[in-house]
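Colleague: Sharing start_15.tsv, TSV, C-alpha atoms:
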chain	number	residue	atom	x	y	z
A	1	MET	CA	-17.92	-1.90	-9.76
A	2	PRO	CA	-16.08	-4.61	-7.84
A	3	ASP	CA	-17.49	-6.26	-4.76
A	4	PHE	CA	-14.27	-7.15	-2.97
A	5	ASP	CA	-15.44	-5.74	0.37
A	6	LEU	CA	-12.07	-6.15	2.12
A	7	SER	CA	-11.89	-4.96	5.70
A	8	PRO	CA	-9.50	-2.13	6.64
A	9	LEU	CA	-7.17	-4.67	8.28
A	10	GLU	CA	-7.22	-6.86	5.17
A	11	CYS	CA	-6.29	-3.81	3.11
A	12	ARG	CA	-3.43	-2.99	5.49
A	13	VAL	CA	-1.97	-6.52	5.46
A	14	LEU	CA	-2.36	-6.93	1.69
A	15	GLY	CA	-0.78	-3.52	1.14
A	16	CYS	CA	2.17	-4.49	3.36
A	17	LEU	CA	2.73	-7.73	1.45
A	18	LEU	CA	2.65	-5.92	-1.90
A	19	GLU	CA	4.96	-3.20	-0.60
A	20	LYS	CA	7.58	-5.45	1.01
A	21	GLN	CA	7.82	-7.71	-2.02
A	22	LEU	CA	8.95	-4.66	-4.01
A	23	SER	CA	10.88	-2.69	-1.38
A	24	THR	CA	12.67	-5.52	0.50
A	25	PRO	CA	12.60	-8.61	-1.74
A	26	ASP	CA	15.44	-10.24	0.25
A	27	VAL	CA	13.15	-10.74	3.27
A	28	TYR	CA	9.99	-11.57	1.33
A	29	PRO	CA	7.75	-13.57	1.91
A	30	LEU	CA	7.28	-12.15	5.39
A	31	SER	CA	7.33	-13.96	8.70
A	32	MET	CA	4.40	-13.23	11.00
A	33	ASN	CA	6.66	-10.99	13.08
A	34	GLY	CA	7.82	-9.14	9.97
A	35	LEU	CA	4.24	-8.71	8.80
A	36	LEU	CA	3.20	-7.45	12.24
A	37	ASN	CA	6.00	-4.87	12.20
A	38	ALA	CA	5.08	-3.79	8.68
A	39	SER	CA	1.41	-3.43	9.61
A	40	ASN	CA	2.26	-1.26	12.62
A	41	GLN	CA	4.88	0.87	10.88
A	42	SER	CA	4.65	4.55	11.76
A	43	SER	CA	5.98	5.82	8.41
A	44	ASN	CA	4.11	5.58	5.11
A	45	ARG	CA	0.91	4.48	6.86
A	46	ASP	CA	-2.40	6.26	7.28
A	47	PRO	CA	-3.78	5.60	9.78
A	48	VAL	CA	-0.99	4.31	12.02
A	49	LEU	CA	-2.22	1.13	13.73
A	50	SER	CA	-1.22	-0.94	16.74
A	51	LEU	CA	-2.23	-4.48	15.83
A	52	THR	CA	-1.55	-7.66	17.76
A	53	GLU	CA	-0.14	-10.84	16.24
A	54	PRO	CA	-3.48	-12.71	16.63
A	55	GLU	CA	-5.21	-9.88	14.73
A	56	VAL	CA	-2.69	-10.09	11.91
A	57	GLN	CA	-2.93	-13.89	11.82
A	58	GLU	CA	-6.74	-13.71	11.63
A	59	THR	CA	-6.46	-11.18	8.82
A	60	VAL	CA	-4.00	-13.38	6.92
A	61	ASN	CA	-6.44	-16.29	7.22
A	62	ALA	CA	-9.21	-14.09	5.80
A	63	LEU	CA	-7.00	-13.11	2.84
A	64	ILE	CA	-6.12	-16.77	2.24
A	65	THR	CA	-9.84	-17.60	2.18
A	66	ARG	CA	-10.29	-14.87	-0.44
A	67	GLY	CA	-7.44	-16.31	-2.50
A	68	LEU	CA	-5.29	-13.21	-2.02
A	69	ALA	CA	-2.57	-14.68	0.23
A	70	GLU	CA	-0.87	-17.99	1.00
A	71	HIS	CA	1.42	-19.55	3.59
A	72	TRP	CA	4.97	-20.54	2.66
A	73	PRO	CA	6.04	-23.48	4.87
A	74	GLY	CA	9.57	-23.69	6.22
A	75	ARG	CA	11.57	-23.41	9.41
A	76	VAL	CA	9.66	-20.15	9.96
A	77	LEU	CA	6.13	-19.94	8.54
A	78	LYS	CA	5.92	-17.06	6.08
A	79	VAL	CA	3.15	-15.24	4.23
A	80	ALA	CA	2.98	-14.10	0.60
A	81	HIS	CA	0.26	-12.35	-1.36
A	82	THR	CA	-1.21	-13.73	-4.57
A	83	ALA	CA	-2.64	-10.42	-5.81
A	84	LYS	CA	-0.13	-9.92	-8.63
A	85	PRO	CA	-0.96	-13.16	-10.45
A	86	THR	CA	-4.65	-12.98	-9.48
A	87	TRP	CA	-5.07	-9.52	-11.02
A	88	ASN	CA	-2.16	-9.75	-13.48
A	89	LEU	CA	-0.44	-6.72	-11.97
A	90	SER	CA	2.78	-5.26	-13.30
A	91	VAL	CA	5.42	-4.02	-10.85
A	92	GLN	CA	4.25	-0.45	-11.46
A	93	GLU	CA	0.59	-1.29	-10.90
A	94	ALA	CA	1.38	-3.30	-7.77
A	95	ALA	CA	3.33	-0.34	-6.34
A	96	LEU	CA	0.43	2.05	-6.95
A	97	LEU	CA	-2.13	-0.33	-5.47
A	98	ALA	CA	0.07	-0.96	-2.42
A	99	GLU	CA	0.43	2.77	-1.80
A	100	LEU	CA	-3.33	3.35	-2.05
A	101	LEU	CA	-3.98	0.46	0.34
A	102	LEU	CA	-1.45	1.79	2.86
A	103	ARG	CA	-2.22	5.52	2.80
A	104	GLY	CA	-5.58	6.01	1.15
A	105	PRO	CA	-6.58	8.35	-1.69
A	106	GLN	CA	-3.78	10.39	-3.27
A	107	THR	CA	-3.09	12.51	-6.32
A	108	SER	CA	-0.95	11.22	-9.17
A	109	GLY	CA	1.91	13.45	-8.02
A	110	GLU	CA	1.71	12.13	-4.47
A	111	LEU	CA	1.65	8.56	-5.75
A	112	ARG	CA	4.73	9.16	-7.88
A	113	THR	CA	6.62	10.48	-4.84
A	114	ASN	CA	5.35	7.94	-2.31
A	115	THR	CA	6.00	4.83	-4.43
A	116	ARG	CA	9.73	5.53	-4.85
A	117	ARG	CA	10.70	2.87	-2.32
A	118	MET	CA	8.92	0.30	-4.51
A	119	TYR	CA	9.31	1.62	-8.06
A	120	VAL	CA	10.70	4.86	-9.46
A	121	PHE	CA	8.27	6.36	-11.97
A	122	PRO	CA	10.24	8.50	-14.45
A	123	ASP	CA	7.31	10.85	-15.02
A	124	LEU	CA	3.64	11.43	-14.31
A	125	GLU	CA	2.70	10.07	-17.73
A	126	GLU	CA	3.70	6.56	-16.66
A	127	VAL	CA	1.78	6.95	-13.40
A	128	GLU	CA	-1.34	7.99	-15.29
A	129	GLY	CA	-0.95	5.16	-17.78
A	130	CYS	CA	-0.76	2.57	-14.99
A	131	LEU	CA	-3.72	4.11	-13.18
A	132	ASP	CA	-5.72	3.88	-16.41
A	133	VAL	CA	-4.95	0.15	-16.57
A	134	LEU	CA	-6.13	-0.32	-12.99
A	135	MET	CA	-9.29	1.69	-13.69
A	136	GLU	CA	-10.07	-0.32	-16.82
A	137	ALA	CA	-9.47	-3.73	-15.22
A	138	GLU	CA	-12.39	-6.15	-14.92
A	139	PRO	CA	-13.45	-5.50	-12.26
A	140	PRO	CA	-11.80	-2.08	-11.80
A	141	LEU	CA	-9.32	-1.84	-8.93
A	142	VAL	CA	-9.09	1.95	-8.57
A	143	LEU	CA	-11.29	4.98	-9.11
A	144	ARG	CA	-10.53	8.65	-9.74
A	145	LEU	CA	-12.52	10.68	-7.22
A	146	PRO	CA	-14.32	13.92	-8.13
A	147	ARG	CA	-12.01	16.90	-7.68
A	148	ALA	CA	-12.79	18.55	-4.37
A	149	PRO	CA	-13.68	22.27	-4.32
A	150	GLY	CA	-10.48	24.31	-4.22
A	151	ALA	CA	-8.26	21.30	-4.93
A	152	ARG	CA	-5.78	21.52	-7.81
A	153	GLU	CA	-5.90	17.80	-8.62
A	154	ALA	CA	-8.32	14.91	-8.26
A	155	ARG	CA	-7.30	12.05	-6.02
A	156	VAL	CA	-7.37	8.33	-6.79
A	157	SER	CA	-8.68	5.63	-4.43
A	158	HIS	CA	-8.58	1.84	-4.49
A	159	LEU	CA	-11.87	-0.04	-4.73
A	160	LEU	CA	-11.02	-3.11	-2.68
A	161	THR	CA	-13.40	-2.14	0.12
A	162	GLY	CA	-16.31	-1.86	-2.31
A	163	VAL	CA	-18.05	1.08	-3.95
A	164	LEU	CA	-17.06	4.44	-2.46
A	165	ASP	CA	-19.43	7.20	-1.41
A	166	THR	CA	-17.57	10.01	-3.13
A	167	SER	CA	-20.04	12.62	-1.92
A	168	THR	CA	-18.53	12.47	1.56
A	169	SER	CA	-14.88	12.22	0.56
A	170	PRO	CA	-12.99	14.97	2.46
A	171	SER	CA	-11.10	17.53	0.46
A	172	PRO	CA	-7.36	17.92	1.01
A	173	GLN	CA	-8.10	21.14	2.90
A	174	GLU	CA	-10.42	19.26	5.29
A	175	ALA	CA	-8.07	16.32	5.69
A	176	ALA	CA	-5.01	18.38	6.68
A	177	PRO	CA	-4.02	22.00	7.23
A	178	SER	CA	-2.65	23.88	4.26
A	179	ARG	CA	1.17	23.99	4.28
A	180	PRO	CA	3.82	25.12	1.84
A	181	GLY	CA	4.42	22.49	-0.86
A	182	ARG	CA	8.17	22.42	-0.19
A	183	VAL	CA	7.58	21.48	3.45
A	184	ASP	CA	5.24	18.67	2.40
A	185	GLN	CA	7.85	17.38	-0.04
A	186	LEU	CA	10.60	17.41	2.59
A	187	GLU	CA	8.38	15.63	5.11
A	188	THR	CA	7.56	12.96	2.53
A	189	GLU	CA	11.24	12.50	1.69
A	190	LEU	CA	12.15	12.27	5.38
A	191	ALA	CA	9.45	9.64	5.98
A	192	SER	CA	10.72	7.62	3.02
A	193	LEU	CA	14.29	7.76	4.33
A	194	ARG	CA	13.12	6.63	7.76
A	195	GLU	CA	11.27	3.69	6.24
A	196	GLU	CA	14.27	2.71	4.13
A	197	LEU	CA	16.41	2.71	7.29
A	198	ALA	CA	13.82	0.62	9.14
A	199	GLU	CA	13.68	-1.84	6.25
A	200	LEU	CA	17.48	-2.14	6.20
A	201	ARG	CA	17.44	-2.87	9.92
A	202	GLN	CA	14.71	-5.46	9.41
A	203	ALA	CA	16.68	-7.13	6.63
A	204	PHE	CA	19.81	-7.16	8.79
A	205	GLU	CA	17.96	-8.70	11.74
A	206	ALA	CA	16.44	-11.36	9.46
A	207	PHE	CA	19.88	-12.15	8.03
A	208	ARG	CA	21.46	-12.32	11.50
A	209	ALA	CA	18.70	-14.64	12.75
A	210	GLN	CA	19.73	-17.23	10.17
A	211	PHE	CA	23.13	-17.70	11.88
So, in terms of structure tokens, how does the structure I just supplied come out?
Modeller:
Amino acid sequence: MPDFDLSPLECRVLGCLLEKQLSTPDVYPLSMNGLLNASNQSSNRDPVLSLTEPEVQETVNALITRGLAEHWPGRVLKVAHTAKPTWNLSVQEAALLAELLLRGPQTSGELRTNTRRMYVFPDLEEVEGCLDVLMEAEPPLVLRLPRAPGAREARVSHLLTGVLDTSTSPSPQEAAPSRPGRVDQLETELASLREELAELRQAFEAFRAQF
């Protein structure tokens, strides 16, 4: 098992950098303000946080020390991750890892839906194939959790915070009330649309700031 031992804030910032590189490449690498906004986003985040710029800067410094991020000098100092070359991640694998860092354990079906803003998986077979690669990496980056009692599918978790205690992992029924699947799907799609709109606004503001 890996011994990355990233803090929750390091996971959030790294997940944001991975996500924005794929979802809004025109404004990547991110400025500190852009990274702060991404870290505190209310959509596609679990939990939703309210970080300060000093907290994000301290977290970036910790990731740089670990060799997982770097500063890009320029008129505005920007931040980029180095996880893709460090772990030799494909676009698909980076999207899955970003989603797990940003929202925690999910099923393969949830991952396929929730990664659409970064990469569109044509089917679950490709999702599973990419998860297998991440599980078989040295050291492994993700783990399939034991299927919870009453759950239809097992969930997958990242391993960047160290070895998980799967005996205390909450089941989907404990984590959230049971709701019709169609409602869940619509809520997920609405959250994705809201994030896409927020990202378009962010890209527009970044473009306008250049003039």
Colleague: Hey, can you pull every residue with an atom no more than 12 Å from (-6.6, -12.7, 8.7), using only C-alpha atoms, and send it as a compact mmCIF listing (two decimals) with C-alpha atoms, keeping the file's coordinate frame?
Modeller:
# COMPACT_ATOMS: atom_id res chain seq x y z
CA LEU A 6 -12.07 -6.15 2.12
CA SER A 7 -11.89 -4.96 5.70
CA PRO A 8 -9.50 -2.13 6.64
CA LEU A 9 -7.17 -4.67 8.28
CA GLU A 10 -7.22 -6.86 5.17
CA CYS A 11 -6.29 -3.81 3.11
CA ARG A 12 -3.43 -2.99 5.49
CA VAL A 13 -1.97 -6.52 5.46
CA LEU A 14 -2.36 -6.93 1.69
CA MET A 32 4.40 -13.23 11.00
CA LEU A 35 4.24 -8.71 8.80
CA LEU A 36 3.20 -7.45 12.24
CA LEU A 51 -2.23 -4.48 15.83
CA THR A 52 -1.55 -7.66 17.76
CA GLU A 53 -0.14 -10.84 16.24
CA PRO A 54 -3.48 -12.71 16.63
CA GLU A 55 -5.21 -9.88 14.73
CA VAL A 56 -2.69 -10.09 11.91
CA GLN A 57 -2.93 -13.89 11.82
CA GLU A 58 -6.74 -13.71 11.63
CA THR A 59 -6.46 -11.18 8.82
CA VAL A 60 -4.00 -13.38 6.92
CA ASN A 61 -6.44 -16.29 7.22
CA ALA A 62 -9.21 -14.09 5.80
CA LEU A 63 -7.00 -13.11 2.84
CA ILE A 64 -6.12 -16.77 2.24
CA THR A 65 -9.84 -17.60 2.18
CA ARG A 66 -10.29 -14.87 -0.44
CA GLY A 67 -7.44 -16.31 -2.50
CA LEU A 68 -5.29 -13.21 -2.02
CA ALA A 69 -2.57 -14.68 0.23
CA GLU A 70 -0.87 -17.99 1.00
CA HIS A 71 1.42 -19.55 3.59
CA VAL A 79 3.15 -15.24 4.23
Colleague: In the coordinate frame of the file, compute which residues have an atom within 12 Å of (-9.6, -2.4, -4.6) when using all atoms listed in the file, and state them as a count of residues only.
Modeller: 44
Colleague: With all atoms of region 133-146 of chain A from the file as input, state the centre and edge lengths in Å to one decimal of the axis-aligned box that has 8 Å extra on each side, as lines of an AutoDock Vina configuration file.
Modeller:
center_x = -9.6
center_y = 3.9
center_z = -12.0
size_x = 25.4
size_y = 36.1
size_z = 25.6
Colleague: May I ask for the distance between CA of Val76 (chain A) and CA of Ser42 (chain A), given in Å to one decimal place?
Modeller: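 Result for CA of Val76 (chain A) versus CA of Ser42 (chain A): 25.3 Å, one decimal.
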Colleague: Find the distance between CA of Gly74 (chain A) and CA of Asp26 (chain A) and write it in Å to one decimal.
Modeller: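 Taking CA of Gly74 (chain A) and CA of Asp26 (chain A), their separation equals 15.8 Å.
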Colleague: Could you tell me which of A:Val133, A:Leu17, A:Ala38, A:Leu197 comes closest to Asn88 (chain A) if we count only C-alpha atoms?
Modeller: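 Closest to Asn88 (chain A) of all the choices is A:Val133.
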Colleague: Report, in Å with one decimal, the straight-line distance from CA of Arg155 (chain A) to CA of Glu128 (chain A).
Modeller: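 According to the coordinates, CA of Arg155 (chain A) and CA of Glu128 (chain A) are separated by 11.7 Å.
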Colleague: Find the spatial neighbours of region 109-120 of chain A, counting all atoms listed in the file, within a cut-off of 7 Å - ignore same-chain residues fewer than 5 positions away - and output them as a list in words.
Modeller: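 Surrounding residues, per the criterion: Glu19, Leu22, Ser23, Gln92, Ala95, Leu96, Glu99 and Val127 of chain A.
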